[in-house]
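Engineer: I am attaching a structure below and will ask some questions about it afterwards.
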Amino acid sequence: MKLKIFILFLINFISYNIIAQPLPDGKSNNKKANELFEKAMVQFDLMEYENAIQLLNSAIKKDPEFIDAYDLLGQVYIKTSNLKEAENTYLKLYEINNGYWILYYELGNITFDMMKYDSAKQWYSTFLKYRNIPEKEKLETEKQLKSCDFAKNAIKNPVKFSPVNLGDGINTQLSEYFPTLTADEQTMFFTFMDLRHQEDFFISTYKDGKWSEAVNLGAPINTPENEGASTISADGQYLFFTACQNPLNIGSCDLWLTFIKGDKWQQPIHMPDNVNSKYKETQPSLSADGKTLYFASNRPGGMGGMDIWKTTFEKNAWTNPVNLGSTINTPFDDECPFIHQDGITLYFASDGHPGMGARDLFFSKLKEDETWETPINLGYPINTPGNEEGLIINRSGTTGYFSSDIKTNPGHKGKVDIYSFEIPDKIKPGIASYVKGKVYDEETGQPIQTLVELTELSKNKIAAFCKSNLKTGNFLLVISGNKNYGLNVNAPGYLIFSENFSIRENPSSNPYLIDVPLKKIKPGKTFQLYNILFDINKSDLKTESSAELEKLYNLVNSNPKIKIEIGGHTDNSGSESLNLPLSQNRAKAVYDWLVTKGISKDRMTFKGYGSSVPLMSNDTPEGKRKNRRTEIKII
């Protein structure tokens with residue numbers, strides 16, 4: 001205790017007397033001590049740290065004031081996470097020569113990592129009083145001073161955190177990290193590193209309450225080079241990933257894309273040269289709508305080391321990447337982006353924002369004006385003085401997945417394991433659900449591969465789209481935010497399939513599971529349109545109807561031989577004397593709209609049915625919703 005008080009006194013004393021001093025000569029006058037030091041340097045470079053420690057202690061015995069030996073010994077203890085010995089070593093160096101200005105910086109970092117924040121602030125503050133210190137260390141120290149205050153408060157206000165090892169299906173005695181998850185939370189891809197430091201992708205599925213034994217994803221995705229850090233599309237059909245040392249790369253690490261055809265992954269495609277660069281592109285994260293790809297890069301034009309960038313898919317091409325700006329990116333490293341399926345919540349790792357130390361996890365939300373909110377640290381003990389990175393959150397926003405090498409975590413198995421944990425309420429993303437189904441021929445039951453579109457009705461724009469799987473007909477689309485969506489499925493020779501999903505009236509993360517039986521275009525066949533919308537007791541077409549009306553127009557216009565009846569239907573709310581003319585007027589509104597688009601009156605009729613032809617019972621809200629419809633009949 002006396003030593004601690006004395007050192008704090010010295011720090012306060014010299015803080016008013018510091019002048020710019022060069023580094024003192026750290027060499028020894030003892031020839032044998034210098035020889036031992038040179039051997040220790042070799043062992044340090046070989047990462048033979050125990051050997052280095054023995055040699056350095058021997059050198060210090062030969063010369064108890066050997067500054068360079070103490071400095072290197074302190075670095076060895078830092079490398080081996082023996083922070084207490086690192087602190088003692090630099091304190092000894094402090095006693096020998098307190099003009100060795102870099103030791104204040106080192107002692108600040110060491111005591112910070114030991115969570116001794118008051119001491120760290122003292123060391124950092126003294127370091128900053130030196131003139132002509134390197135700009136990089138100055139910026140980092142200024143950031144660390146803020147982190148001291150943040151960390152003290154975070155420890156006083158911990159968040160709930162109970163990591164659970166994902167088990168033998170995924171984790172081994174080696175290293176598993178960078179997980180990515182499909183929107184239905186049933187399939188996980190992750191990176192595995194073997195004893196040769198070879199990185200490959202593995203895949204596991206969630207069955208009977210646990211993850212199945214992971215299998216190598218195999219060729220053509222995995223190669224003799226390193227593949228790691230991937231992102232899977234919401235429907236599991238597209239995989240973006242990082243490949244390093246690939247002979248076709250233009251940088252050290254580039255982004256690649258592959259997709260599944262039936263049940264076979266296809267030959268990966270190198271992302272275009274405007275996305276990749278001669279620098280490093282890594283850690284991709286794909287938005288749920290498949291339109292925006294976030295990634296980390298050290299390319300020019302950024303804020304610091306690694307920055308987070310994004311590119312969007314427009315007009316069948318990926319745009320030039322855009323830096324996310326100074327709200328997210330710092331002069332240090334900001335990476336490991338993960339954009340949640342809600343489309344607005346970004347999680348990422350950074351050592352540039354105030355935090356618990358090293359690399360912390362943060363989140364930020366995208367505002368209406370397309371700028372980002374100030375990032376929020378996920379808190380302690382999710383974040384620690386060590387490195388936290390590679391976080392993903394499941395679609396429902398309840399569970400996080402991350403990688404850790406902390407051996408004290410429960411159930412730890414190998415060098416690096418993947419864990420899950422319950423997401424605290426204050427760091428949860430927004431609501432996101434999904435529509436999952438199968439497209440098939442109504443008569444034969446055979447799967448159909450076709451375009452499935454999800455329209456945000458209020459904006460009359462495509463919110464998401466995908467192709468149903470060639471072999472299974474399966475598809476999945478994410479719906480997020482308090483919005484009203486229209487689903488449309490159409491294939492050549494078939495009628496339109498329409499459905500409406502709203503999490504504006506019923507916010508929920510529960511998925512919508514549907515079958516999509518497509519009907520061939522034949523006389524007598526009918527199909528329902530649920531996104532031609534009217535206000536209550538009115539027959540004026542709402543603007544939200546535009547997208548589905550265009551679909552209907554395209555069907556009729558591209559099949560000039562067919563004739564249709566437009567039928568208006570209501571639920572049983574109100575009297576039939578009101579419902580019958582209301583349905584008639586609504587059917588006529590659709591008829592009139594098609595006429596204005598150029599469809600001949602000779603090819604169309606319209607009729608109101610009121611509530612006389614229900615599809616379901618009117619005893620439930622869902623039944624009433626299904627009965628309120630525009631129905632088209634081929635005549």
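Chain labels run A, B, ... following the order of the structure tokens; each chain numbers its residues from 1, and ligands are numbered from 1 in the order shown.
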Using DSSP on the backbone, list every residue of region 88-280 of chain A that comes out as alpha helix (DSSP H), and give them as a PyMOL selection string.

Structural biologist: chain A and resi 88-96+102-113+117-128+135-156

Engineer: Need the shell around Ala358 (chain A): protein/DNA/RNA residues with any atom at most 8 Å away, counting only C-alpha atoms. Skip same-chain ones fewer than 6 positions apart. Format as an mmCIF file with N, CA and C atoms, in the first residue's frame?

Structural biologist:
data_model
loop_
_atom_site.group_PDB
_atom_site.id
_atom_site.type_symbol
_atom_site.label_atom_id
_atom_site.label_comp_id
_atom_site.auth_asym_id
_atom_site.auth_seq_id
_atom_site.Cartn_x
_atom_site.Cartn_y
_atom_site.Cartn_z
ATOM 1 N N ASP A 351 -12.545 -0.979 -31.368
ATOM 2 C CA ASP A 351 -11.644 -0.577 -30.293
ATOM 3 C C ASP A 351 -11.443 0.934 -30.309
ATOM 4 N N PRO A 385 -12.290 -6.642 -20.667
ATOM 5 C CA PRO A 385 -11.034 -6.046 -21.128
ATOM 6 C C PRO A 385 -10.423 -6.759 -22.334
ATOM 7 N N GLY A 386 -10.910 -7.940 -22.676
ATOM 8 C CA GLY A 386 -10.383 -8.674 -23.826
ATOM 9 C C GLY A 386 -11.104 -8.311 -25.113
ATOM 10 N N ASN A 387 -10.960 -9.157 -26.130
ATOM 11 C CA ASN A 387 -11.579 -8.923 -27.435
ATOM 12 C C ASN A 387 -12.928 -9.622 -27.525
#

Engineer: Tell me which protein, DNA and RNA residues are within 10 Å of Gly379 (chain A), counting only C-alpha atoms, leaving out same-chain ones fewer than 2 positions away, and put them as a ChimeraX atom specification.

Structural biologist: /A:150-151,153-155,157-161,355-356,360-362,376-377,381-384,424,427

Engineer: Nearest to Ile339 (chain A): which of A:Ile308, A:Met604, A:Leu555, A:Leu56 is it, counting only C-alpha atoms?

Structural biologist: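 Going through A:Ile308, A:Met604, A:Leu555, A:Leu56 one by one, the smallest distance to Ile339 (chain A) is for A:Ile308.
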
Engineer: Would you give me, as a tab-separated table, each residue of region 571-598 of chain A having an atom within 8 Å of an atom of region 539-542 of chain A, along with its shortest atom pair and that distance in Å to one decimal, using only C-alpha atoms and sorting by chain and residue number?

Structural biologist:
residue	atom	partner	partner_atom	distance
A:Leu582	CA	A:Ser539	CA	6.6
A:Ser583	CA	A:Ser539	CA	7.9
A:Asn585	CA	A:Ser539	CA	5.8
A:Arg586	CA	A:Ser539	CA	4.7
A:Ala589	CA	A:Leu541	CA	6.9
A:Val590	CA	A:Leu541	CA	7.8

Engineer: Could you give me, as a tab-separated table, a per-residue list for region 324-365 of chain A showing, wherever an atom lies at most 10 Å from an atom of region 466-490 of chain A, the closest pair of atoms and their distance in Å to one decimal, using only C-alpha atoms and sorting by chain then residue number from low to high?

Structural biologist:
residue	atom	partner	partner_atom	distance
A:His340	CA	A:Ser480	CA	9.9
A:Gln341	CA	A:Ser480	CA	7.0
A:Asp342	CA	A:Ser480	CA	4.9
A:Gly343	CA	A:Ser480	CA	7.1
A:Ile344	CA	A:Gly481	CA	9.1

Engineer: Using only C-alpha atoms, can you tell me which of A:Ser433, A:Glu389, A:Phe606, A:Ile60 comes closest to Ala229 (chain A)?

Structural biologist: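 Under the stated criterion, the closest residue is A:Glu389.
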
Engineer: Rank nothing, just name the residue among A:Trp318, A:Phe112, A:Tyr206, A:Tyr124 nearest to Leu181 (chain A), using only C-alpha atoms.

Structural biologist: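 Among A:Trp318, A:Phe112, A:Tyr206, A:Tyr124, it is A:Tyr206 that comes nearest to Leu181 (chain A).
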
Engineer: Rounded to one decimal, what separation in Å do you get between CA of Ser575 (chain A) and CA of Thr605 (chain A)?

Structural biologist: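 That distance, rounded to one decimal, is 24.8 Å.
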
Engineer: Counting only C-alpha atoms, what is within 9 Å of Glu443 (chain A), bar same-chain residues fewer than 2 positions away, as a list in words?

Structural biologist: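 Near Glu443 (chain A), the qualifying residues are Tyr440, Asp441, Gly445, Gln446, Pro517, Leu518, Lys519 and Lys520 of chain A.
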
Engineer: So that I have them on file, write out the residues from the current selection with N, CA and C atoms, as an mmCIF file, in the first residue's frame.

Structural biologist:
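Contents of the output file again-v4.cif:
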data_model
loop_
_atom_site.group_PDB
_atom_site.id
_atom_site.type_symbol
_atom_site.label_atom_id
_atom_site.label_comp_id
_atom_site.auth_asym_id
_atom_site.auth_seq_id
_atom_site.Cartn_x
_atom_site.Cartn_y
_atom_site.Cartn_z
ATOM 1 N N TYR A 440 -45.705 -24.658 -55.563
ATOM 2 C CA TYR A 440 -45.869 -25.908 -56.314
ATOM 3 C C TYR A 440 -47.092 -25.827 -57.222
ATOM 4 N N ASP A 441 -47.136 -26.721 -58.191
ATOM 5 C CA ASP A 441 -48.268 -26.818 -59.116
ATOM 6 C C ASP A 441 -49.469 -27.417 -58.371
ATOM 7 N N GLY A 445 -48.560 -31.114 -57.846
ATOM 8 C CA GLY A 445 -47.773 -31.061 -56.613
ATOM 9 C C GLY A 445 -46.287 -30.867 -56.842
ATOM 10 N N GLN A 446 -45.866 -30.710 -58.090
ATOM 11 C CA GLN A 446 -44.441 -30.549 -58.404
ATOM 12 C C GLN A 446 -43.947 -29.153 -58.015
ATOM 13 N N PRO A 517 -49.948 -22.958 -53.735
ATOM 14 C CA PRO A 517 -50.310 -23.787 -54.886
ATOM 15 C C PRO A 517 -50.688 -22.898 -56.068
ATOM 16 N N LEU A 518 -49.893 -22.920 -57.124
ATOM 17 C CA LEU A 518 -50.185 -22.105 -58.301
ATOM 18 C C LEU A 518 -51.141 -22.842 -59.244
ATOM 19 N N LYS A 519 -52.127 -22.082 -59.731
ATOM 20 C CA LYS A 519 -53.137 -22.648 -60.630
ATOM 21 C C LYS A 519 -52.794 -22.282 -62.069
ATOM 22 N N LYS A 520 -52.901 -23.270 -62.944
ATOM 23 C CA LYS A 520 -52.689 -23.000 -64.361
ATOM 24 C C LYS A 520 -53.824 -22.118 -64.894
#

Engineer: As a PyMOL selection string, please: the residues near Phe259 (chain A) (cut-off 12 Å, only C-alpha atoms, same-chain neighbours under 2 positions excluded).

Structural biologist: chain A and resi 220-221+231-233+235-241+256-257+261-269+466-467+469-470
